[in-house]
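Peer 1: Have a peek at structure_36.txt (compact mmCIF, C-alpha atoms and all ligand atoms).
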# COMPACT_ATOMS: atom_id res chain seq x y z
CA MET A 29 0.00 0.00 0.00
CA GLN A 30 1.18 3.50 -0.80
CA PRO A 31 0.10 6.84 0.63
CA SER A 32 -1.54 9.03 -1.99
CA LYS A 33 0.59 10.95 -4.43
CA ARG A 34 -1.32 14.05 -3.40
CA ILE A 35 -0.21 13.90 0.22
CA ARG A 36 3.34 12.94 -0.65
CA ALA A 37 3.55 15.91 -3.01
CA ILE A 38 2.77 18.48 -0.31
CA PHE A 39 6.44 18.97 0.44
CA ASP A 40 7.54 17.49 -2.83
CA GLY A 41 10.36 15.61 -1.08
CA GLY A 42 11.81 19.01 -0.19
CA SER A 43 11.82 21.09 2.95
CA ASP A 44 9.07 23.04 4.65
CA GLY A 45 11.46 25.95 5.25
CA TRP A 46 11.43 25.65 9.04
CA GLU A 47 14.67 23.65 9.58
CA ILE A 48 16.22 26.49 11.55
CA LEU A 49 13.42 26.26 14.10
CA GLY A 50 14.06 22.53 14.52
CA LYS A 51 17.74 23.26 15.09
CA ALA A 52 16.94 26.03 17.55
CA ARG A 53 14.64 23.71 19.51
CA ALA A 54 17.31 20.99 19.58
CA ARG A 55 19.82 23.49 21.01
CA GLU A 56 17.27 24.58 23.57
CA ARG A 57 16.70 20.99 24.65
CA ALA A 58 20.45 20.65 25.06
CA GLY A 59 20.31 23.57 27.51
CA ALA A 60 21.35 26.52 25.32
CA PRO A 61 19.62 29.88 26.04
CA VAL A 62 18.24 30.32 22.52
CA LEU A 63 16.46 33.55 21.63
CA ASN A 64 13.80 32.56 19.13
CA LEU A 65 12.92 35.27 16.62
CA THR A 66 11.57 32.91 13.98
CA ILE A 67 7.86 32.45 14.55
CA GLY A 68 5.21 35.12 13.99
CA GLU A 69 3.71 34.67 17.39
CA HIS A 70 3.49 37.18 20.24
CA GLU A 71 5.59 36.42 23.25
CA ASP A 72 2.95 38.04 25.45
CA PRO A 73 0.12 35.73 26.42
CA THR A 74 -3.36 36.06 24.93
CA PRO A 75 -5.13 38.95 26.69
CA PRO A 76 -6.78 37.49 29.83
CA ARG A 77 -10.26 38.80 28.99
CA PHE A 78 -10.28 36.73 25.78
CA VAL A 79 -9.28 33.59 27.66
CA GLU A 80 -11.93 34.33 30.25
CA ALA A 81 -14.58 34.79 27.54
CA MET A 82 -13.65 31.37 26.21
CA ALA A 83 -13.77 29.71 29.63
CA GLU A 84 -17.05 31.37 30.51
CA ALA A 85 -18.59 30.24 27.22
CA ALA A 86 -17.42 26.68 27.82
CA ARG A 87 -18.75 26.66 31.37
CA ALA A 88 -22.08 27.99 30.06
CA GLY A 89 -22.38 25.00 27.75
CA ALA A 90 -20.83 26.10 24.41
CA THR A 91 -19.14 22.71 24.20
CA ARG A 92 -21.53 21.06 21.80
CA TYR A 93 -21.50 21.07 18.00
CA SER A 94 -21.66 24.62 16.80
CA ALA A 95 -22.74 26.26 13.55
CA PHE A 96 -20.24 24.85 11.08
CA THR A 97 -19.92 28.01 8.99
CA GLY A 98 -19.73 30.14 12.13
CA THR A 99 -22.35 31.35 14.58
CA PRO A 100 -24.64 34.09 13.20
CA GLU A 101 -23.29 36.54 15.79
CA LEU A 102 -19.65 35.86 14.90
CA ARG A 103 -20.33 36.02 11.16
CA ALA A 104 -22.09 39.35 11.70
CA ALA A 105 -19.14 40.70 13.73
CA ILE A 106 -16.66 39.59 11.06
CA ALA A 107 -18.87 41.08 8.34
CA ALA A 108 -18.85 44.40 10.19
CA ARG A 109 -15.06 44.26 10.54
CA ALA A 110 -14.61 43.28 6.89
CA ALA A 111 -16.84 46.16 5.82
CA SER A 112 -14.73 48.65 7.72
CA ARG A 113 -11.32 47.10 6.86
CA THR A 114 -11.95 46.34 3.20
CA GLY A 115 -14.15 49.35 2.58
CA TRP A 116 -16.91 47.29 1.02
CA PRO A 117 -20.39 46.45 2.41
CA THR A 118 -20.45 42.89 3.71
CA ARG A 119 -23.31 40.63 4.80
CA PRO A 120 -22.88 37.77 7.32
CA GLU A 121 -23.71 35.29 4.52
CA GLN A 122 -20.50 36.41 2.80
CA VAL A 123 -18.41 35.20 5.73
CA ILE A 124 -17.24 31.73 6.69
CA VAL A 125 -15.44 31.07 9.96
CA THR A 126 -12.45 28.73 9.66
CA ALA A 127 -9.68 27.17 11.73
CA GLY A 128 -7.34 30.13 11.37
CA GLY A 129 -6.42 32.03 8.25
CA GLN A 130 -4.59 28.87 7.19
CA ALA A 131 -7.80 26.83 6.81
CA ALA A 132 -9.40 29.80 5.06
CA LEU A 133 -6.56 29.71 2.50
CA LEU A 134 -7.11 26.00 1.92
CA ALA A 135 -10.88 26.50 1.59
CA ALA A 136 -10.34 29.37 -0.86
CA PHE A 137 -7.98 27.27 -3.00
CA LEU A 138 -10.39 24.33 -2.96
CA ALA A 139 -13.24 26.59 -3.95
CA THR A 140 -11.43 28.20 -6.86
CA LEU A 141 -8.90 25.69 -8.26
CA ASP A 142 -9.30 22.35 -9.98
CA PRO A 143 -6.32 19.98 -10.16
CA GLY A 144 -3.77 21.42 -12.58
CA ASP A 145 -5.15 24.98 -12.44
CA PRO A 146 -2.38 27.56 -12.17
CA ILE A 147 -2.43 30.07 -9.33
CA VAL A 148 -0.08 33.03 -9.36
CA PHE A 149 1.39 34.36 -6.13
CA VAL A 150 4.21 36.59 -5.03
CA ASP A 151 7.68 35.41 -4.01
CA PRO A 152 8.70 35.99 -1.20
CA TYR A 153 5.62 34.35 0.26
CA TYR A 154 4.20 33.10 3.53
CA ALA A 155 5.87 29.71 3.88
CA THR A 156 2.75 27.53 3.65
CA TYR A 157 1.43 28.91 0.33
CA PRO A 158 3.11 26.46 -2.08
CA GLY A 159 2.31 23.42 0.07
CA THR A 160 -1.32 24.47 0.50
CA ILE A 161 -1.63 24.93 -3.25
CA ARG A 162 -0.18 21.44 -3.75
CA VAL A 163 -2.79 19.99 -1.36
CA VAL A 164 -5.45 20.96 -3.89
CA GLN A 165 -3.15 20.00 -6.78
CA GLY A 166 -3.02 23.52 -8.14
CA GLU A 167 0.01 24.63 -10.11
CA PRO A 168 2.02 27.19 -8.10
CA ARG A 169 3.27 30.07 -10.28
CA PRO A 170 5.43 32.44 -8.21
CA VAL A 171 6.33 35.92 -9.48
CA PRO A 172 9.06 37.97 -7.83
CA ALA A 173 8.84 41.04 -5.60
CA LEU A 174 12.44 42.16 -5.38
CA PRO A 175 14.19 44.06 -2.59
CA ASP A 176 15.18 46.89 -4.93
CA ALA A 177 11.51 47.44 -5.78
CA GLY A 178 10.66 47.75 -2.08
CA PHE A 179 9.24 44.23 -2.37
CA GLN A 180 6.32 45.48 -4.48
CA PRO A 181 5.53 42.74 -7.01
CA ASP A 182 6.99 42.78 -10.51
CA LEU A 183 3.82 43.67 -12.39
CA GLU A 184 5.08 42.69 -15.81
CA ALA A 185 6.01 39.24 -14.54
CA MET A 186 2.62 39.04 -12.84
CA ALA A 187 0.74 39.94 -16.03
CA GLU A 188 2.73 37.32 -17.94
CA ALA A 189 2.24 34.57 -15.33
CA CYS A 190 -1.48 35.28 -15.07
CA ARG A 191 -2.11 34.34 -18.69
CA GLY A 192 -4.11 31.14 -18.58
CA ALA A 193 -4.16 31.10 -14.76
CA LYS A 194 -7.26 30.57 -12.64
CA ALA A 195 -6.45 32.71 -9.62
CA LEU A 196 -4.03 35.30 -8.29
CA MET A 197 -3.12 35.58 -4.65
CA ILE A 198 -1.64 38.60 -2.92
CA ASN A 199 -0.80 39.41 0.69
CA SER A 200 -0.64 42.97 1.97
CA PRO A 201 0.59 43.94 4.54
CA HIS A 202 3.11 41.35 3.53
CA ASN A 203 4.78 38.53 5.41
CA PRO A 204 7.81 38.30 5.42
CA THR A 205 8.81 41.67 3.93
CA GLY A 206 6.49 44.18 5.61
CA ALA A 207 5.62 45.70 2.23
CA VAL A 208 2.22 47.38 2.04
CA TYR A 209 0.93 47.41 -1.51
CA THR A 210 0.47 50.84 -3.01
CA SER A 211 -2.69 51.93 -4.80
CA GLU A 212 -0.72 51.71 -8.08
CA THR A 213 0.18 48.07 -7.36
CA LEU A 214 -3.42 47.25 -6.46
CA GLU A 215 -4.79 49.04 -9.51
CA ALA A 216 -2.47 46.93 -11.69
CA VAL A 217 -3.52 43.78 -9.82
CA ARG A 218 -7.13 44.69 -10.56
CA ARG A 219 -6.41 45.22 -14.25
CA ILE A 220 -4.59 41.88 -14.51
CA VAL A 221 -7.34 40.03 -12.66
CA LEU A 222 -10.11 41.50 -14.83
CA GLU A 223 -8.22 41.02 -18.09
CA ASN A 224 -7.64 37.35 -17.31
CA ASP A 225 -10.97 36.67 -15.61
CA LEU A 226 -9.31 35.44 -12.42
CA TRP A 227 -10.27 34.90 -8.83
CA LEU A 228 -8.30 37.12 -6.47
CA ILE A 229 -7.37 35.71 -3.07
CA SER A 230 -6.26 38.55 -0.83
CA ASP A 231 -4.56 37.50 2.40
CA GLU A 232 -5.13 40.41 4.77
CA VAL A 233 -4.34 38.81 8.13
CA TYR A 234 -2.05 41.77 8.94
CA ASP A 235 -4.57 44.46 7.96
CA GLY A 236 -4.33 46.22 11.33
CA MET A 237 -0.54 46.39 11.27
CA VAL A 238 0.27 49.29 8.97
CA TRP A 239 3.06 51.61 10.09
CA ARG A 240 3.29 53.83 7.04
CA GLY A 241 0.65 54.54 4.41
CA GLU A 242 -2.70 52.81 4.75
CA HIS A 243 -4.17 49.38 4.25
CA LEU A 244 -6.06 49.18 0.99
CA SER A 245 -8.08 46.11 0.13
CA PRO A 246 -8.43 45.25 -3.56
CA ARG A 247 -11.95 44.08 -2.71
CA ALA A 248 -13.10 47.70 -2.66
CA LEU A 249 -11.90 48.43 -6.20
CA PRO A 250 -14.55 48.55 -8.96
CA ASP A 251 -15.86 45.13 -10.07
CA MET A 252 -13.60 43.29 -7.63
CA ALA A 253 -15.89 42.30 -4.73
CA GLU A 254 -17.58 39.65 -6.90
CA ARG A 255 -14.27 37.89 -7.58
CA THR A 256 -12.24 38.56 -4.42
CA ILE A 257 -11.89 36.30 -1.39
CA VAL A 258 -10.33 38.05 1.61
CA ILE A 259 -8.56 35.97 4.25
CA GLY A 260 -8.58 37.22 7.86
CA SER A 261 -7.75 35.99 11.34
CA VAL A 262 -7.57 36.97 15.01
CA SER A 263 -4.20 35.23 15.37
CA LYS A 264 -2.05 38.33 14.94
CA SER A 265 -4.50 41.13 15.70
CA HIS A 266 -5.59 39.73 19.07
CA ALA A 267 -2.67 37.45 20.03
CA MET A 268 -4.92 34.40 19.63
CA THR A 269 -2.76 32.15 17.45
CA GLY A 270 -3.66 29.00 19.37
CA PHE A 271 -7.40 29.61 19.18
CA ARG A 272 -7.20 28.82 15.45
CA LEU A 273 -9.86 31.31 14.49
CA GLY A 274 -9.93 32.91 11.07
CA TRP A 275 -12.28 33.54 8.18
CA ALA A 276 -12.81 34.03 4.50
CA VAL A 277 -15.01 36.78 3.10
CA GLY A 278 -16.23 36.64 -0.48
CA PRO A 279 -19.23 36.36 -2.79
CA GLU A 280 -22.04 34.40 -1.17
CA GLU A 281 -22.04 31.59 -3.77
CA ILE A 282 -18.38 30.74 -3.20
CA VAL A 283 -18.73 31.07 0.57
CA ASP A 284 -21.63 28.60 0.41
CA LEU A 285 -19.40 26.13 -1.41
CA MET A 286 -16.68 26.59 1.19
CA GLY A 287 -19.39 25.71 3.71
CA ASP A 288 -19.91 22.36 1.94
CA TYR A 289 -16.23 21.71 2.42
CA ALA A 290 -16.24 22.85 6.07
CA LEU A 291 -19.08 20.48 6.84
CA ASN A 292 -16.99 17.60 5.62
CA ALA A 293 -13.63 18.81 6.93
CA THR A 294 -14.09 20.16 10.46
CA TYR A 295 -17.82 20.36 11.07
CA GLY A 296 -17.11 23.81 12.42
CA LEU A 297 -15.09 25.37 15.18
CA PRO A 298 -15.76 24.83 18.89
CA GLY A 299 -18.51 27.12 20.16
CA PHE A 300 -16.37 28.40 23.04
CA ILE A 301 -13.64 29.45 20.59
CA GLN A 302 -16.19 31.25 18.44
CA GLN A 303 -17.56 33.06 21.48
CA ALA A 304 -14.06 34.12 22.53
CA GLY A 305 -13.51 35.41 19.00
CA LEU A 306 -16.81 37.27 19.10
CA PHE A 307 -15.79 38.89 22.37
CA ALA A 308 -12.34 39.82 21.02
CA LEU A 309 -13.79 41.37 17.86
CA THR A 310 -16.59 43.27 19.55
CA GLU A 311 -15.13 44.17 22.97
CA GLY A 312 -11.39 43.74 22.54
CA GLY A 313 -10.56 47.03 20.86
CA GLU A 314 -8.33 48.19 23.68
CA GLU A 315 -6.26 45.00 23.73
CA GLU A 316 -5.95 45.07 19.95
CA ALA A 317 -4.79 48.69 20.01
CA ASP A 318 -2.18 47.83 22.68
CA LEU A 319 -0.86 44.91 20.65
CA MET A 320 -0.61 47.04 17.51
CA ALA A 321 1.16 49.83 19.42
CA THR A 322 3.72 47.30 20.66
CA PHE A 323 4.63 46.21 17.15
CA ARG A 324 4.78 49.78 15.87
CA ARG A 325 7.15 50.70 18.72
CA ARG A 326 9.38 47.68 18.06
CA ARG A 327 9.44 48.38 14.34
CA ASP A 328 10.61 51.95 15.09
CA LEU A 329 13.15 50.62 17.57
CA ALA A 330 14.56 48.22 14.96
CA VAL A 331 14.86 50.99 12.39
CA ALA A 332 16.62 53.27 14.91
CA ARG A 333 19.00 50.58 16.19
CA LEU A 334 20.10 49.40 12.77
CA SER A 335 20.43 52.67 10.93
CA GLY A 336 24.05 53.36 10.03
CA ARG A 337 25.22 49.77 10.59
CA ASN A 338 27.51 48.48 7.87
CA GLY A 339 26.99 44.75 7.92
CA LEU A 340 23.35 44.74 7.01
CA LYS A 341 20.62 46.90 5.58
CA LEU A 342 17.14 47.22 6.94
CA ALA A 343 14.38 48.21 4.58
CA ALA A 344 12.01 49.88 7.05
CA PRO A 345 8.82 47.82 6.87
CA ASP A 346 5.54 49.60 6.23
CA GLY A 347 3.50 46.90 7.94
CA ALA A 348 3.24 43.47 9.64
CA MET A 349 5.33 42.21 12.56
CA TYR A 350 8.75 41.48 11.07
CA VAL A 351 11.84 43.20 9.77
CA MET A 352 13.83 41.96 6.80
CA LEU A 353 17.58 42.36 7.08
CA ASP A 354 19.60 42.43 3.89
CA ILE A 355 22.85 40.59 4.61
CA ARG A 356 24.03 40.26 1.02
CA GLY A 357 27.05 42.44 1.87
CA THR A 358 28.46 39.48 3.81
CA GLY A 359 28.39 37.31 0.70
CA MET A 360 26.54 34.66 2.74
CA SER A 361 23.17 33.15 1.95
CA GLY A 362 20.40 33.76 4.45
CA GLU A 363 20.51 30.06 5.32
CA ALA A 364 24.26 29.99 5.98
CA PHE A 365 24.04 33.21 7.99
CA ALA A 366 21.08 32.01 10.07
CA GLU A 367 22.83 28.73 10.88
CA ALA A 368 26.09 30.44 11.81
CA LEU A 369 24.22 33.01 13.92
CA LEU A 370 22.39 30.28 15.79
CA GLU A 371 25.60 28.44 16.53
CA ALA A 372 27.63 31.47 17.52
CA GLU A 373 25.03 33.65 19.24
CA ASP A 374 22.10 31.37 20.05
CA ILE A 375 19.79 33.68 18.12
CA ALA A 376 17.31 32.01 15.75
CA VAL A 377 16.00 34.00 12.77
CA MET A 378 14.37 32.86 9.54
CA PRO A 379 16.51 32.74 6.40
CA GLY A 380 14.91 34.67 3.53
CA GLU A 381 15.23 31.55 1.38
CA SER A 382 12.50 29.91 3.48
CA PHE A 383 10.10 32.34 1.81
CA GLY A 384 11.22 31.85 -1.79
CA ASP A 385 14.02 32.86 -4.12
CA ALA A 386 13.36 36.60 -4.15
CA ALA A 387 14.28 36.99 -0.47
CA ALA A 388 17.63 35.19 -0.77
CA GLY A 389 20.41 36.86 1.19
CA HIS A 390 17.95 38.22 3.74
CA LEU A 391 16.86 37.34 7.26
CA ARG A 392 13.40 37.74 8.70
CA VAL A 393 13.34 38.81 12.33
CA ALA A 394 10.03 38.57 14.19
CA LEU A 395 9.37 41.58 16.45
CA THR A 396 7.90 39.32 19.07
CA VAL A 397 10.14 39.72 22.12
CA PRO A 398 10.36 42.59 24.65
CA ASP A 399 11.93 45.80 23.36
CA GLU A 400 15.19 45.54 25.26
CA THR A 401 15.76 41.92 24.28
CA LEU A 402 14.95 42.77 20.68
CA GLY A 403 17.27 45.79 20.63
CA ASP A 404 20.16 43.74 22.05
CA ALA A 405 19.54 40.90 19.62
CA LEU A 406 19.51 43.26 16.64
CA GLU A 407 22.82 44.79 17.76
CA ARG A 408 24.33 41.34 18.10
CA ILE A 409 23.07 40.33 14.64
CA ALA A 410 24.56 43.55 13.20
CA ASP A 411 27.90 42.92 14.98
CA PHE A 412 27.91 39.38 13.65
CA ALA A 413 27.23 40.62 10.11
CA GLU A 414 29.93 43.29 10.37
CA GLY A 415 32.43 40.63 11.38
CA ARG A 416 31.61 38.80 8.17
CA LEU A 417 31.58 41.55 5.60
CA ALA A 418 32.99 40.38 2.31
CA ALA A 419 36.42 41.97 1.78
N1 LIG B 501 -1.30 34.37 6.12
C1 LIG B 501 -0.13 34.93 6.47
C2 LIG B 501 0.49 35.91 5.53
C3 LIG B 501 0.50 34.61 7.67
O1 LIG B 501 1.66 35.17 7.99
C4 LIG B 501 -0.13 33.67 8.53
C5 LIG B 501 0.53 33.26 9.79
O2 LIG B 501 1.65 33.58 10.08
C6 LIG B 501 -1.34 33.11 8.12
C7 LIG B 501 -1.90 33.48 6.92
C8 LIG B 501 -2.07 32.08 8.93
O3 LIG B 501 -2.41 32.55 10.19
P1 LIG B 501 -3.45 31.79 11.11
O4 LIG B 501 -3.74 30.47 10.48
O5 LIG B 501 -2.80 31.66 12.44
O6 LIG B 501 -4.65 32.67 11.13
Reformat the file's structure so that it appears as structure tokens.
Ligand code: PLP
Peer 2:
Amino acid sequence: MQPSKRIRAIFDGGSDGWEILGKARARERAGAPVLNLTIGEHEDPTPPRFVEAMAEAARAGATRYSAFTGTPELRAAIAARAASRTGWPTRPEQVIVTAGGQAALLAAFLATLDPGDPIVFVDPYYATYPGTIRVVQGEPRPVPALPDAGFQPDLEAMAEACRGAKALMINSPHNPTGAVYTSETLEAVRRIVLENDLWLISDEVYDGMVWRGEHLSPRALPDMAERTIVIGSVSKSHAMTGFRLGWAVGPEEIVDLMGDYALNATYGLPGFIQQAGLFALTEGGEEEADLMATFRRRRDLAVARLSGRNGLKLAAPDGAMYVMLDIRGTGMSGEAFAEALLEAEDIAVMPGESFGDAAAGHLRVALTVPDETLGDALERIADFAEGRLAA
């Protein structure tokens, strides 16, 4: 007996990009004091009121099967948020609640792609994109967003790759680069999508984390709401990664079809998780604002600490919760640098190569630890890079 080709193809015999984390954890187990700046997860715990809302809901009996596309109240709260964040009126029927943004991505791919259908996305990319596309047997077609273009996508390459494709996926604010797509980029995306009659999947899980400029959703552009699926989540906005609560927002017909899948995949999220999410979205404004202020402060701190350093360059991110360090001056790959840094300094960062070819020679540092720890770590990374500058 053989496992299916489909499941074996998810990682295509290759890596999932997270080797450095495995190595960091092994060092930790061996007793080393590793500072982990790899994962996009807040070091601070989930705000206590959200945990309490969950516990209270469970105690009150929300432990039975729950509405599998999301409770009406939660769908209404997400619709209200989507209307304000994407700038487009949204009804609860246009929302499906999923197990994190990740499951929303999978549902969106399933709903739009048949096996063999090409989907275009931007490299560098959030590390799960290619694997998730392979789950549905889509054909991943990456197009570059290069450092010298401020990590805005190469629009000519995008137009070319979109010929004969079925869908285009973008992510702004962007993980890992922190790029926030300009209105010119989004206008071009719209033109390409309409010209090629594509679905647009717009991953906006970082929509509240914009440090410069403003978040624009392509869903609000003319003729786009009927072909755009927006992915959202409370993971980053409310420090609720482990609750696994996200959503997709799109045209009602496609959301209905995603519901058919949800019924057969998860049969919905736990009611107590949905109630905690409802509380966070409707009453948790203060906590969300605090979390966002923390990342803005750390982003500014990183920019200040690294300006004028020789060994690496920091392109000040406009959004999200990471900084990308350009270490090409050392002549090392991101992977080689990250491994050497872990061994020498016990600091774990993500090599740019984990996110695709376009981010080679870069490191992604998550802004997830307290300011002082972060500042010290950045200085040590810069010292390490300076010691390795190519002659
Ligand atoms: N999309 C992007 C761009 C991300 O960075 C992440 C998580 O890091 C996700 C989606 C998935 O987040 P979650 O499944 O926790 O909502």
Peer 1: Could you list, as an MDAnalysis selection string, all the residues within 6 Å of ligand LIG 501 (chain B), counting all atoms listed in the file?
Peer 2: chainID A and resid 68 128:130 154 203 231 233 261 263 269 274
Peer 1: How close does stretch 103-203 of chain A get to stretch 382-385 of chain A? List, as a Markdown table, each residue of stretch 103-203 of chain A within 6 Å, its nearest atom pair and the distance in Å to one decimal, counting only C-alpha atoms.
Peer 2:
| residue | atom | partner | partner_atom | distance |
| --- | --- | --- | --- | --- |
| A:Asp151 | CA | A:Gly384 | CA | 5.5 |
| A:Pro152 | CA | A:Gly384 | CA | 4.9 |
| A:Tyr153 | CA | A:Phe383 | CA | 5.1 |
| A:Ala155 | CA | A:Phe383 | CA | 5.4 |
Peer 1: In Å to one decimal, how far is atom CA of A:Met286 from atom CA of A:Thr160?
Peer 2: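 Atom-to-atom, atom CA of A:Thr160 and atom CA of A:Met286 are spaced 15.5 Å apart.
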Peer 1: Near stretch 55-63 of chain A, within 8 Å and counting all atoms listed in the file, which residues show up once chain neighbours fewer than 4 positions away are dropped, as a VMD selection string?
Peer 2: chain A and resid 51 370 374 to 376
Peer 1: I need the residues from that last selection saved to file as a PDB file, in the coordinates of the input (with C-alpha atoms), if you can.
Peer 2:
ATOM      1  CA  LYS A  51      17.740  23.260  15.090  1.00  0.00           C
ATOM      2  CA  LEU A 370      22.390  30.280  15.790  1.00  0.00           C
ATOM      3  CA  ASP A 374      22.100  31.370  20.050  1.00  0.00           C
ATOM      4  CA  ILE A 375      19.790  33.680  18.120  1.00  0.00           C
ATOM      5  CA  ALA A 376      17.310  32.010  15.750  1.00  0.00           C
TER       6      ALA A 376
END
Peer 1: Which residue out of A:Val221, A:Ala372, A:Met268, A:Ala52 has the minimum interatomic distance to A:Leu249 when only C-alpha atoms are used?
Peer 2: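 Closest to A:Leu249, using only C-alpha atoms: A:Val221.
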Peer 1: Given the choices A:Asn199, A:Thr126, A:Ser112, A:Thr396, which gets closest to A:Arg272 if the distance is worked out from all atoms listed in the file?
Peer 2: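 Going through A:Asn199, A:Thr126, A:Ser112, A:Thr396 one by one, the smallest distance to A:Arg272 is for A:Thr126.
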Peer 1: Using all atoms listed in the file, which of A:Val163, A:Leu319, A:Ala293, A:Ala131 sits nearest A:Gly260?
Peer 2: A:Ala131
Peer 1: Fewer than 5 positions away in the same chain doesn't count, so skip those; otherwise give me all residues within 9 Å of A:Trp116, counting only C-alpha atoms, as a count of residues only.
Peer 2: 7
Peer 1: I need the residue nearest A:Leu406 from this list: A:Ala195, A:Leu65, A:Leu334, A:Ala173. Use all atoms listed in the file for the distance.
Peer 2: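 Among the listed residues, A:Leu334 lies closest to A:Leu406.
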Peer 1: Using only C-alpha atoms, which of the listed residues (A:Val397, A:Met197, A:Phe96, A:Met82) sits closest to A:Tyr289?
Peer 2: A:Phe96
Peer 1: Could you check the closest approach to A:Ala413 for each of A:Gly357, A:Pro201, A:Gly241, A:Gly236 and tell me which residue wins, using only C-alpha atoms?
Peer 2: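 Going through A:Gly357, A:Pro201, A:Gly241, A:Gly236 one by one, the smallest distance to A:Ala413 is for A:Gly357.
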Peer 1: Can you list, as a PyMOL selection string, every protein, DNA or RNA residue that comes within 12 Å of A:Leu402 when you count only C-alpha atoms, leaving out same-chain residues fewer than 2 positions away?
Peer 2: chain A and resi 63-65+71+323+325-331+333-334+350-351+375+377+393-400+404-409
Peer 1: I'd like the contact shell of A:Glu47 - 10 Å cut-off, only C-alpha atoms, skipping same-chain residues fewer than 3 positions apart - returned as a PyMOL selection string.
Peer 2: chain A and resi 43-44+50-53+363+367+378-379+382
Peer 1: Can you work out the spacing between atom CA of A:Pro76 and atom CA of A:Ile259 in Å, to one decimal?
Peer 2: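 These atoms are spaced 25.7 Å apart.
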Peer 1: Kindly give the distance, in Å, that separates atom CA of A:Arg337 and atom CA of A:Glu371, rounded to a single decimal.
Peer 2: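 These two atoms are separated by 22.1 Å.
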Peer 1: Residues near A:Leu141, anyone? I mean within 10 Å using only C-alpha atoms, not counting same-chain ones fewer than 6 positions away, as a PDB file with C-alpha atoms, in the coordinates of the input.
Peer 2:
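The file below, around_35.pdb, is the result:
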ATOM      1  CA  ILE A 147      -2.430  30.070  -9.330  1.00  0.00           C
ATOM      2  CA  ILE A 161      -1.630  24.930  -3.250  1.00  0.00           C
ATOM      3  CA  VAL A 164      -5.450  20.960  -3.890  1.00  0.00           C
ATOM      4  CA  GLN A 165      -3.150  20.000  -6.780  1.00  0.00           C
ATOM      5  CA  GLY A 166      -3.020  23.520  -8.140  1.00  0.00           C
ATOM      6  CA  GLU A 167       0.010  24.630 -10.110  1.00  0.00           C
ATOM      7  CA  ALA A 193      -4.160  31.100 -14.760  1.00  0.00           C
ATOM      8  CA  LYS A 194      -7.260  30.570 -12.640  1.00  0.00           C
ATOM      9  CA  ALA A 195      -6.450  32.710  -9.620  1.00  0.00           C
ATOM     10  CA  TRP A 227     -10.270  34.900  -8.830  1.00  0.00           C
TER      11      TRP A 227
END
Peer 1: Got a sec to check which residues sit within 12 Å of (-9.2, 34.9, 17.4), counting only C-alpha atoms, and write them as a CSV table (one decimal) with C-alpha atoms, in the coordinates of the input?
Peer 2:
chain,number,residue,atom,x,y,z
A,74,THR,CA,-3.4,36.1,24.9
A,75,PRO,CA,-5.1,39.0,26.7
A,78,PHE,CA,-10.3,36.7,25.8
A,79,VAL,CA,-9.3,33.6,27.7
A,81,ALA,CA,-14.6,34.8,27.5
A,82,MET,CA,-13.6,31.4,26.2
A,102,LEU,CA,-19.6,35.9,14.9
A,106,ILE,CA,-16.7,39.6,11.1
A,125,VAL,CA,-15.4,31.1,10.0
A,126,THR,CA,-12.4,28.7,9.7
A,127,ALA,CA,-9.7,27.2,11.7
A,128,GLY,CA,-7.3,30.1,11.4
A,129,GLY,CA,-6.4,32.0,8.2
A,233,VAL,CA,-4.3,38.8,8.1
A,260,GLY,CA,-8.6,37.2,7.9
A,261,SER,CA,-7.8,36.0,11.3
A,262,VAL,CA,-7.6,37.0,15.0
A,263,SER,CA,-4.2,35.2,15.4
A,264,LYS,CA,-2.0,38.3,14.9
A,265,SER,CA,-4.5,41.1,15.7
A,266,HIS,CA,-5.6,39.7,19.1
A,267,ALA,CA,-2.7,37.4,20.0
A,268,MET,CA,-4.9,34.4,19.6
A,269,THR,CA,-2.8,32.2,17.4
A,270,GLY,CA,-3.7,29.0,19.4
A,271,PHE,CA,-7.4,29.6,19.2
A,272,ARG,CA,-7.2,28.8,15.4
A,273,LEU,CA,-9.9,31.3,14.5
A,274,GLY,CA,-9.9,32.9,11.1
A,275,TRP,CA,-12.3,33.5,8.2
A,297,LEU,CA,-15.1,25.4,15.2
A,300,PHE,CA,-16.4,28.4,23.0
A,301,ILE,CA,-13.6,29.4,20.6
A,302,GLN,CA,-16.2,31.2,18.4
A,303,GLN,CA,-17.6,33.1,21.5
A,304,ALA,CA,-14.1,34.1,22.5
A,305,GLY,CA,-13.5,35.4,19.0
A,306,LEU,CA,-16.8,37.3,19.1
A,307,PHE,CA,-15.8,38.9,22.4
A,308,ALA,CA,-12.3,39.8,21.0
A,309,LEU,CA,-13.8,41.4,17.9
A,310,THR,CA,-16.6,43.3,19.6
A,312,GLY,CA,-11.4,43.7,22.5
A,316,GLU,CA,-6.0,45.1,20.0
